[in-house]
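For reference, the structure is listed below as structure tokens.
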Amino acid sequence: MKLREIAQSISAEVLYGEEFLDSIEIQCAYGADLMSDVLAFALPGTLLLTGLTNIQIVRTAQMLDLPAVVFVRGKRPQEQAIQLASQIGMPLLLCPMSMFEACGVLFQKGLQACTIPARGV
């Protein structure tokens, strides 16, 4: 699914990266507010949904080769996060929905979870 379709499906505002929406294909997503979980379980190419708004979110996404970040609950990321995303070419979306609702909509649209299975948790 193209990132543009995802943005439309969850009524997201594009904070940065409008020009990338038609070229980024998303197969799976992961929703989390614990960056330790993202680091442990998210796979490259996964769309990240989060309610955290600091620059570390963009740095984590970059390190894991995640193509874009969706900020849920209408939470606007810090300006530093938007600036870093623009420097590295990573689209940022702002969604008014809760994480639960946004993930549910995307699941209904066919996105799957792209995670490493939990080990002994």
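If you're wondering about the labels, chains in the structure tokens are A, B, ... by order shown, residues count from 1 in each chain, ligands from 1 in order shown.
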Practice item. Using only C-alpha atoms, determine which residues lie at most 12 Å from Ala85 in chain A, disregarding the query and same-chain residues fewer than 5 positions distant; provide the list as a list in words. Key: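 Counting only C-alpha atoms, the residues come to Leu15, Tyr16, Gly17, Asn54, Ile55, Gln56, Ile57, Val58, Arg59, Thr60, Ala61, Gln62, Leu66, Pro67, Ala68, Val69, Pro77, Gln78, Glu79, Gln80, Met90, Pro91, Leu92 and Leu93 of chain A.
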Restrict the selected residues to C-alpha atoms and save them as a PDB file, in the first residue's frame.
ATOM      1  CA  LEU A  15       4.208  17.179   8.326  1.00  0.00           C
ATOM      2  CA  TYR A  16       7.082  16.422   5.976  1.00  0.00           C
ATOM      3  CA  GLY A  17       7.560  14.366   2.839  1.00  0.00           C
ATOM      4  CA  ASN A  54      10.955  13.679  20.430  1.00  0.00           C
ATOM      5  CA  ILE A  55      13.881  13.576  18.034  1.00  0.00           C
ATOM      6  CA  GLN A  56      14.856  10.095  19.235  1.00  0.00           C
ATOM      7  CA  ILE A  57      11.858   8.668  17.375  1.00  0.00           C
ATOM      8  CA  VAL A  58      13.251   9.820  14.049  1.00  0.00           C
ATOM      9  CA  ARG A  59      16.758   8.664  14.985  1.00  0.00           C
ATOM     10  CA  THR A  60      15.433   5.228  15.946  1.00  0.00           C
ATOM     11  CA  ALA A  61      13.437   4.972  12.722  1.00  0.00           C
ATOM     12  CA  GLN A  62      16.502   5.967  10.705  1.00  0.00           C
ATOM     13  CA  LEU A  66      11.936   2.454   8.761  1.00  0.00           C
ATOM     14  CA  PRO A  67      10.502   4.466   5.846  1.00  0.00           C
ATOM     15  CA  ALA A  68       8.143   6.808   7.735  1.00  0.00           C
ATOM     16  CA  VAL A  69       6.653   7.669  11.120  1.00  0.00           C
ATOM     17  CA  PRO A  77       6.485  16.087  17.102  1.00  0.00           C
ATOM     18  CA  GLN A  78       9.131  18.458  18.344  1.00  0.00           C
ATOM     19  CA  GLU A  79      10.544  20.822  15.727  1.00  0.00           C
ATOM     20  CA  GLN A  80      13.934  19.079  16.014  1.00  0.00           C
ATOM     21  CA  MET A  90      11.817  10.574   6.067  1.00  0.00           C
ATOM     22  CA  PRO A  91       8.097  11.363   5.797  1.00  0.00           C
ATOM     23  CA  LEU A  92       6.279  12.281   8.998  1.00  0.00           C
ATOM     24  CA  LEU A  93       2.507  12.044   9.336  1.00  0.00           C
TER      25      LEU A  93
END
Exercise for review: Name the residues of chain A that come out as strand (DSSP E) in a backbone DSSP run; write them as a PyMOL selection string.
Suggested key: chain A and resi 13-16+28-31+47-50+69-71+92-94+112-113
Residues as selected, N, CA and C atoms, written as a compact mmCIF listing (two decimals), in the first residue's frame, can you do that?
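Everything below was put into out36.txt:
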# COMPACT_ATOMS: atom_id res chain seq x y z
N GLU A 13 -2.30 14.25 8.49
CA GLU A 13 -1.68 15.46 7.94
C GLU A 13 -0.22 15.13 7.66
N VAL A 14 0.27 15.56 6.52
CA VAL A 14 1.68 15.32 6.19
C VAL A 14 2.50 16.48 6.76
N LEU A 15 3.35 16.16 7.72
CA LEU A 15 4.21 17.18 8.33
C LEU A 15 5.45 17.41 7.49
N TYR A 16 5.93 16.34 6.88
CA TYR A 16 7.08 16.42 5.98
C TYR A 16 7.00 15.23 5.02
N CYS A 28 3.83 -3.38 6.03
CA CYS A 28 3.52 -3.72 7.41
C CYS A 28 3.77 -2.53 8.33
N ALA A 29 3.22 -2.64 9.54
CA ALA A 29 3.31 -1.53 10.50
C ALA A 29 3.54 -2.06 11.90
N TYR A 30 4.01 -1.16 12.77
CA TYR A 30 4.26 -1.50 14.17
C TYR A 30 3.91 -0.28 15.00
N GLY A 31 3.07 -0.46 16.00
CA GLY A 31 2.68 0.63 16.88
C GLY A 31 3.28 0.45 18.26
N LEU A 47 6.36 0.58 8.85
CA LEU A 47 5.82 1.89 9.21
C LEU A 47 5.67 1.95 10.73
N LEU A 48 6.19 2.98 11.36
CA LEU A 48 6.10 3.13 12.81
C LEU A 48 4.98 4.08 13.18
N LEU A 49 4.10 3.63 14.07
CA LEU A 49 3.07 4.49 14.66
C LEU A 49 3.42 4.68 16.13
N THR A 50 3.43 5.93 16.59
CA THR A 50 3.83 6.21 17.96
C THR A 50 3.18 7.49 18.47
N VAL A 69 7.20 7.71 9.76
CA VAL A 69 6.65 7.67 11.12
C VAL A 69 5.29 8.36 11.11
N VAL A 70 4.33 7.73 11.80
CA VAL A 70 3.01 8.32 12.02
C VAL A 70 2.89 8.66 13.50
N PHE A 71 2.63 9.92 13.80
CA PHE A 71 2.39 10.34 15.18
C PHE A 71 0.89 10.30 15.42
N LEU A 92 6.92 12.28 7.69
CA LEU A 92 6.28 12.28 9.00
C LEU A 92 4.81 12.62 8.80
N LEU A 93 3.95 11.84 9.44
CA LEU A 93 2.51 12.04 9.34
C LEU A 93 1.93 12.27 10.72
N LEU A 94 0.89 13.09 10.79
CA LEU A 94 0.22 13.38 12.06
C LEU A 94 -1.22 12.89 11.94
N GLN A 112 0.04 -5.73 7.63
CA GLN A 112 0.30 -6.77 8.61
C GLN A 112 1.35 -6.27 9.60
N ALA A 113 1.53 -7.02 10.67
CA ALA A 113 2.59 -6.72 11.63
C ALA A 113 3.91 -7.23 11.07
Exercise for review: Pull the helix (DSSP H, G or I) assignments for chain A out of DSSP run on the backbone, and list those residues as a ChimeraX atom specification.
Suggested key: /A:3-9,18-20,35-41,55-63,79-88,99-108
Dump as a short mmCIF file (atom, residue, chain, number, x, y, z; two decimals), in the first residue's frame, selection limited to N, CA and C atoms:
data_model
loop_
_atom_site.label_atom_id
_atom_site.label_comp_id
_atom_site.auth_asym_id
_atom_site.auth_seq_id
_atom_site.Cartn_x
_atom_site.Cartn_y
_atom_site.Cartn_z
N LEU A 3 2.15 4.99 0.72
CA LEU A 3 2.05 5.83 1.91
C LEU A 3 0.92 6.85 1.78
N ARG A 4 0.64 7.31 0.58
CA ARG A 4 -0.45 8.26 0.37
C ARG A 4 -1.79 7.64 0.77
N GLU A 5 -2.02 6.37 0.39
CA GLU A 5 -3.26 5.69 0.75
C GLU A 5 -3.36 5.52 2.26
N ILE A 6 -2.25 5.24 2.89
CA ILE A 6 -2.23 5.12 4.35
C ILE A 6 -2.62 6.46 4.98
N ALA A 7 -2.00 7.54 4.51
CA ALA A 7 -2.30 8.87 5.05
C ALA A 7 -3.79 9.19 4.90
N GLN A 8 -4.35 8.88 3.76
CA GLN A 8 -5.77 9.15 3.54
C GLN A 8 -6.64 8.28 4.43
N SER A 9 -6.25 7.03 4.61
CA SER A 9 -7.04 6.08 5.40
C SER A 9 -7.16 6.48 6.86
N GLU A 18 5.62 15.13 1.61
CA GLU A 18 4.52 14.99 0.64
C GLU A 18 5.02 14.38 -0.68
N GLU A 19 6.19 14.77 -1.10
CA GLU A 19 6.73 14.31 -2.38
C GLU A 19 7.09 12.82 -2.39
N PHE A 20 7.13 12.18 -1.23
CA PHE A 20 7.49 10.76 -1.14
C PHE A 20 6.27 9.84 -1.04
N MET A 35 10.45 2.74 22.83
CA MET A 35 11.46 2.60 21.79
C MET A 35 12.30 1.35 21.98
N SER A 36 12.38 0.85 23.21
CA SER A 36 13.10 -0.42 23.41
C SER A 36 12.38 -1.55 22.67
N ASP A 37 11.04 -1.52 22.64
CA ASP A 37 10.28 -2.52 21.87
C ASP A 37 10.51 -2.34 20.38
N VAL A 38 10.51 -1.11 19.93
CA VAL A 38 10.76 -0.86 18.51
C VAL A 38 12.13 -1.38 18.12
N LEU A 39 13.13 -1.08 18.93
CA LEU A 39 14.50 -1.55 18.66
C LEU A 39 14.59 -3.08 18.67
N ALA A 40 13.85 -3.71 19.55
CA ALA A 40 13.93 -5.16 19.69
C ALA A 40 13.11 -5.91 18.64
N PHE A 41 12.00 -5.33 18.18
CA PHE A 41 11.05 -6.12 17.40
C PHE A 41 10.71 -5.60 16.01
N ILE A 55 12.97 13.83 19.15
CA ILE A 55 13.88 13.58 18.03
C ILE A 55 14.37 12.12 18.01
N GLN A 56 14.38 11.48 19.17
CA GLN A 56 14.86 10.10 19.23
C GLN A 56 14.00 9.15 18.39
N ILE A 57 12.73 9.50 18.19
CA ILE A 57 11.86 8.67 17.37
C ILE A 57 12.38 8.62 15.95
N VAL A 58 12.73 9.76 15.41
CA VAL A 58 13.25 9.82 14.05
C VAL A 58 14.61 9.14 13.98
N ARG A 59 15.44 9.33 14.97
CA ARG A 59 16.76 8.66 14.98
C ARG A 59 16.60 7.14 15.03
N THR A 60 15.69 6.67 15.85
CA THR A 60 15.43 5.23 15.95
C THR A 60 14.92 4.69 14.61
N ALA A 61 13.98 5.39 14.01
CA ALA A 61 13.44 4.97 12.72
C ALA A 61 14.53 4.94 11.65
N GLN A 62 15.40 5.93 11.67
CA GLN A 62 16.50 5.97 10.71
C GLN A 62 17.45 4.78 10.92
N MET A 63 17.79 4.52 12.16
CA MET A 63 18.71 3.44 12.47
C MET A 63 18.17 2.08 12.03
N GLU A 79 9.99 20.22 16.95
CA GLU A 79 10.54 20.82 15.73
C GLU A 79 11.86 20.15 15.32
N GLN A 80 12.67 19.76 16.32
CA GLN A 80 13.93 19.08 16.01
C GLN A 80 13.69 17.78 15.26
N ALA A 81 12.64 17.07 15.61
CA ALA A 81 12.31 15.81 14.94
C ALA A 81 11.92 16.07 13.48
N ILE A 82 11.14 17.11 13.26
CA ILE A 82 10.74 17.44 11.88
C ILE A 82 11.96 17.87 11.06
N GLN A 83 12.83 18.65 11.67
CA GLN A 83 14.05 19.09 10.97
C GLN A 83 14.93 17.91 10.59
N LEU A 84 15.12 16.98 11.52
CA LEU A 84 15.94 15.80 11.22
C LEU A 84 15.30 14.97 10.11
N ALA A 85 13.99 14.78 10.18
CA ALA A 85 13.29 14.02 9.14
C ALA A 85 13.49 14.66 7.78
N SER A 86 13.45 15.98 7.72
CA SER A 86 13.64 16.65 6.43
C SER A 86 15.07 16.50 5.93
N GLN A 87 16.03 16.44 6.84
CA GLN A 87 17.43 16.26 6.45
C GLN A 87 17.68 14.87 5.89
N ILE A 88 16.98 13.88 6.41
CA ILE A 88 17.24 12.50 5.98
C ILE A 88 16.18 11.99 4.99
N MET A 99 -3.75 5.26 18.79
CA MET A 99 -2.91 4.24 18.19
C MET A 99 -3.74 2.99 17.87
N PHE A 100 -4.60 2.62 18.80
CA PHE A 100 -5.47 1.45 18.61
C PHE A 100 -6.32 1.60 17.35
N GLU A 101 -6.95 2.75 17.22
CA GLU A 101 -7.83 2.99 16.08
C GLU A 101 -7.04 3.03 14.77
N ALA A 102 -5.93 3.74 14.74
CA ALA A 102 -5.12 3.84 13.52
C ALA A 102 -4.59 2.47 13.09
N CYS A 103 -4.09 1.70 14.06
CA CYS A 103 -3.61 0.35 13.73
C CYS A 103 -4.75 -0.53 13.22
N GLY A 104 -5.92 -0.40 13.81
CA GLY A 104 -7.08 -1.18 13.37
C GLY A 104 -7.48 -0.85 11.95
N VAL A 105 -7.51 0.43 11.63
CA VAL A 105 -7.85 0.85 10.26
C VAL A 105 -6.84 0.30 9.28
N LEU A 106 -5.55 0.41 9.61
CA LEU A 106 -4.51 -0.07 8.70
C LEU A 106 -4.54 -1.59 8.56
N PHE A 107 -4.86 -2.28 9.63
CA PHE A 107 -4.99 -3.74 9.58
C PHE A 107 -6.15 -4.12 8.65
N GLN A 108 -7.25 -3.42 8.78
CA GLN A 108 -8.41 -3.68 7.90
C GLN A 108 -8.06 -3.42 6.43
#
Review point. Hey, can you check how far CA of Ser23 in chain A sits from CA of Cys114 in chain A?
Key: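 Calculated distance between CA of Ser23 in chain A and CA of Cys114 in chain A is 19.8 Å.
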Exercise for review: Have a look at CA of Met1 in chain A and CA of Asp33 in chain A and let me know their distance in Å, one decimal.
Suggested key: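 One can read the CA of Met1 in chain A to CA of Asp33 in chain A distance as 23.6 Å.
Counting only C-alpha atoms and comparing A:Cys95, A:Leu64, A:Val72, A:Ile26, the residue that lies closest to Leu43 in chain A is A:Leu64.
Remark: for Gln27 in chain A, the closest of the candidate residues A:Gly51, A:Ala42, A:Lys2, A:Pro96 is A:Lys2 (distances computed over only C-alpha atoms).
Minimum atom-to-atom distance to Arg73 in chain A, evaluated using only C-alpha atoms, belongs to A:Met97 out of A:Ala12, A:Ile24, A:Met97, A:Leu111.
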Exercise for review: For CA of Lys75 in chain A and CA of Ser98 in chain A, quote the distance in Å rounded to one decimal.
Suggested key: 10.0 Å
